[in-house]
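Source file: target13.txt; contents: compact mmCIF, C-alpha atoms.
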```
# COMPACT_ATOMS: atom_id res chain seq x y z
CA MET A 25 -22.04 -59.69 -55.91
CA THR A 26 -21.20 -55.99 -56.02
CA GLN A 27 -24.14 -53.75 -56.70
CA MET A 28 -23.62 -51.18 -59.46
CA TYR A 29 -25.41 -47.85 -59.63
CA TRP A 30 -25.57 -45.39 -62.46
CA HIS A 31 -24.42 -41.88 -61.78
CA ILE A 32 -26.03 -38.72 -63.21
CA ASP A 33 -23.70 -38.76 -66.23
CA ASN A 34 -24.47 -42.47 -66.89
CA ASN A 35 -21.11 -43.73 -65.69
CA PRO A 36 -21.26 -46.81 -63.49
CA LEU A 37 -20.12 -46.30 -59.93
CA ASN A 38 -19.34 -49.02 -57.48
CA TYR A 39 -20.71 -47.44 -54.30
CA LYS A 40 -19.83 -50.47 -52.20
CA ASP A 41 -16.15 -49.58 -52.57
CA MET A 42 -16.70 -45.90 -51.71
CA LYS A 43 -17.02 -44.40 -48.26
CA VAL A 44 -20.28 -42.53 -47.72
CA SER A 45 -18.48 -39.19 -47.57
CA GLU A 46 -16.71 -39.95 -50.87
CA LYS A 47 -20.03 -40.74 -52.54
CA ILE A 48 -21.61 -37.54 -51.20
CA LYS A 49 -18.63 -35.49 -52.37
CA SER A 50 -18.65 -37.11 -55.80
CA ASP A 51 -22.36 -36.39 -56.16
CA LEU A 52 -21.87 -32.82 -54.91
CA LEU A 53 -19.12 -32.05 -57.41
CA ASP A 54 -21.24 -33.43 -60.25
CA MET A 55 -24.19 -31.35 -59.11
CA VAL A 56 -22.28 -28.06 -58.91
CA GLN A 57 -20.96 -28.60 -62.43
CA LYS A 58 -24.50 -28.97 -63.76
CA HIS A 59 -26.22 -26.34 -61.60
CA ASP A 60 -28.01 -23.41 -63.26
CA TYR A 61 -26.58 -20.59 -61.14
CA SER A 62 -28.93 -18.03 -62.67
CA TYR A 63 -32.18 -19.95 -62.10
CA MET A 64 -33.44 -17.25 -59.75
CA MET A 65 -33.64 -14.79 -62.64
CA SER A 66 -35.83 -17.01 -64.80
CA ASP A 67 -39.28 -15.84 -65.84
CA SER A 68 -40.43 -19.46 -65.63
CA HIS A 69 -41.73 -20.51 -62.25
CA SER A 70 -40.94 -24.16 -62.98
CA VAL A 71 -37.30 -23.31 -63.76
CA TRP A 72 -37.08 -21.27 -60.55
CA GLU A 73 -38.71 -24.06 -58.51
CA SER A 74 -36.44 -26.72 -60.00
CA GLY A 75 -33.37 -24.56 -59.34
CA MET A 76 -34.42 -24.01 -55.73
CA ARG A 77 -34.85 -27.76 -55.14
CA TYR A 78 -31.51 -28.53 -56.79
CA GLU A 79 -29.75 -25.86 -54.73
CA LYS A 80 -31.26 -27.23 -51.49
CA GLU A 81 -29.88 -30.67 -52.39
CA ILE A 82 -26.45 -29.13 -52.91
CA GLN A 83 -26.66 -27.33 -49.57
CA ALA A 84 -27.71 -30.56 -47.82
CA LYS A 85 -24.67 -32.37 -49.22
CA ILE A 86 -22.36 -29.55 -48.11
CA HIS A 87 -23.91 -29.67 -44.64
CA ALA A 88 -23.52 -33.44 -44.45
CA LEU A 89 -19.88 -33.26 -45.49
CA CYS A 90 -18.90 -30.32 -43.25
CA VAL A 91 -20.93 -31.11 -40.13
CA ILE A 92 -21.55 -34.84 -40.08
CA HIS A 93 -18.44 -36.14 -41.88
CA LYS A 94 -16.18 -33.34 -40.58
CA GLU A 95 -14.72 -32.50 -44.00
CA ASP A 96 -12.49 -29.42 -44.20
CA ALA A 97 -14.97 -26.74 -45.33
CA GLU A 98 -12.32 -24.50 -46.90
CA ALA A 99 -10.87 -27.37 -48.93
CA LEU A 100 -14.38 -28.40 -50.04
CA TYR A 101 -15.15 -24.78 -50.98
CA SER A 102 -12.00 -24.73 -53.11
CA ASP A 103 -12.92 -28.06 -54.74
CA VAL A 104 -16.42 -26.80 -55.57
CA LYS A 105 -15.08 -23.59 -57.11
CA SER A 106 -12.52 -25.52 -59.14
CA VAL A 107 -15.12 -27.78 -60.80
CA CYS A 108 -17.91 -25.26 -61.37
CA GLY A 109 -16.12 -23.35 -64.10
CA PRO A 110 -15.36 -19.66 -64.48
CA ASP A 111 -17.33 -17.08 -62.58
CA TYR A 112 -19.80 -14.71 -64.20
CA THR A 113 -18.54 -11.17 -64.80
CA ASP A 114 -21.14 -9.24 -62.78
CA TYR A 115 -18.70 -8.61 -59.94
CA ASP A 116 -19.85 -7.25 -56.59
CA SER A 117 -17.81 -5.14 -54.17
CA LYS A 118 -16.03 -8.29 -52.90
CA GLY A 119 -14.99 -9.31 -56.42
CA PHE A 120 -17.47 -12.19 -56.77
CA GLY A 121 -19.65 -12.76 -59.81
CA LEU A 122 -23.05 -14.42 -59.48
CA LYS A 123 -21.73 -17.99 -59.55
CA TYR A 124 -19.14 -17.45 -56.83
CA ARG A 125 -21.56 -15.37 -54.74
CA VAL A 126 -23.94 -18.34 -54.75
CA ILE A 127 -21.17 -20.80 -53.88
CA HIS A 128 -19.87 -18.52 -51.14
CA SER A 129 -23.38 -18.32 -49.65
CA TRP A 130 -23.51 -22.13 -49.44
CA PHE A 131 -20.32 -22.15 -47.34
CA ASP A 132 -20.86 -18.94 -45.38
CA SER A 133 -21.87 -20.63 -42.13
CA TYR A 134 -18.94 -23.10 -42.35
CA ILE A 135 -16.07 -20.76 -43.28
CA GLY A 136 -17.43 -17.28 -42.58
```
Structure re-expressed in structure tokens:
Amino acid sequence: MTQMYWHIDNNPLNYKDMKVSEKIKSDLLDMVQKHDYSYMMSDSHSVWESGMRYEKEIQAKIHALCVIHKEDAEALYSDVKSVCGPDYTDYDSKGFGLKYRVIHSWFDSYIG
């Protein structure tokens, strides 16, 4: 019998038919869509703490995919940016808003 799991958005996933790297990537892309990219500006310590934990989970998945599963970091970076939605408009000198600055920092050690 195939074991079914429920994903974050309550859709059933059949993990037995997925490779580990595919499951990690699927989870990662769901997480970046739901991430609160401005958590660090919250006045609430619990919001900040939750955002930090969530971001560490995202970073761990990126590390697993890039280092352990040898995924193409630049392609993964592009995939993450494509699913996270439009950037914020507080552009820095490199043309990144807050959201893309955060995403870029996650990939900095893998793509420079």
| From A:Ala84, A:Asp114, A:Lys105, A:Asp51, residue lying nearest A:Ile127 [all atoms listed in the file] | A:Lys105
| Selected residue of minimal separation from A:Asp103 among A:Ile135, A:Met64, A:Val56, A:Lys43, counting all atoms listed in the file |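 Smallest separation from A:Asp103 among the options: A:Val56.
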| Residue with smallest distance to A:Gly109 - pool A:His87, A:Lys47, A:His59, A:His128, counting all atoms listed in the file | A:His59
| task | Could you tell me which of A:Ile82, A:Ser74, A:Ala88, A:Ser68 comes closest to A:Ser45 if we count all atoms listed in the file? | result |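 The shortest atom-to-atom distance to A:Ser45 comes from A:Ala88.
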| task | Excluding A:Leu53 and any residue of its chain fewer than 5 positions from it, enumerate the residues within 9 Å of it, using all atoms listed in the file, and give them as a list in words. | result |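 Contacts, in chain order: Ile48, Lys58, Asp103, Val104, Val107 and Cys108 of chain A.
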| In terms of the shortest atom-to-atom distance over all atoms listed in the file, which of A:Met76, A:Val126, A:Met55, A:Ile92 is closest to A:Asp111? |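 Checking each candidate against A:Asp111, we get A:Val126 as the closest.
In this model, the gap between atom CA of A:Met65 and atom CA of A:Lys80 comes to 16.9 Å.
With all atoms listed in the file as the basis for measurement, A:Ser106 is the residue among A:Val44, A:Val71, A:Tyr101, A:Ser106 that approaches A:Gln57 most closely.
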| query | For the atom pair atom CA of A:Lys49 and atom CA of A:Arg77, what is the interatomic distance in Å to one decimal place? | reply |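 These two atoms are separated by 18.2 Å.
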Please, what is the axis-aligned box for every listed atom of stretch 42-51 of chain A with 6 Å on each side, as centre and edge lengths in Å to one decimal, as lines of an AutoDock Vina configuration file?
```
center_x = -19.5
center_y = -40.7
center_z = -51.9
size_x = 17.7
size_y = 22.4
size_z = 20.6
```
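Going from atom CA of A:Tyr124 to atom CA of A:Ala97 covers 15.4 Å.
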| Contact residues around A:Thr113 with only C-alpha atoms at 9 Å, ignoring same-chain residues under 3 positions, as a VMD selection string | chain A and resid 120 to 122
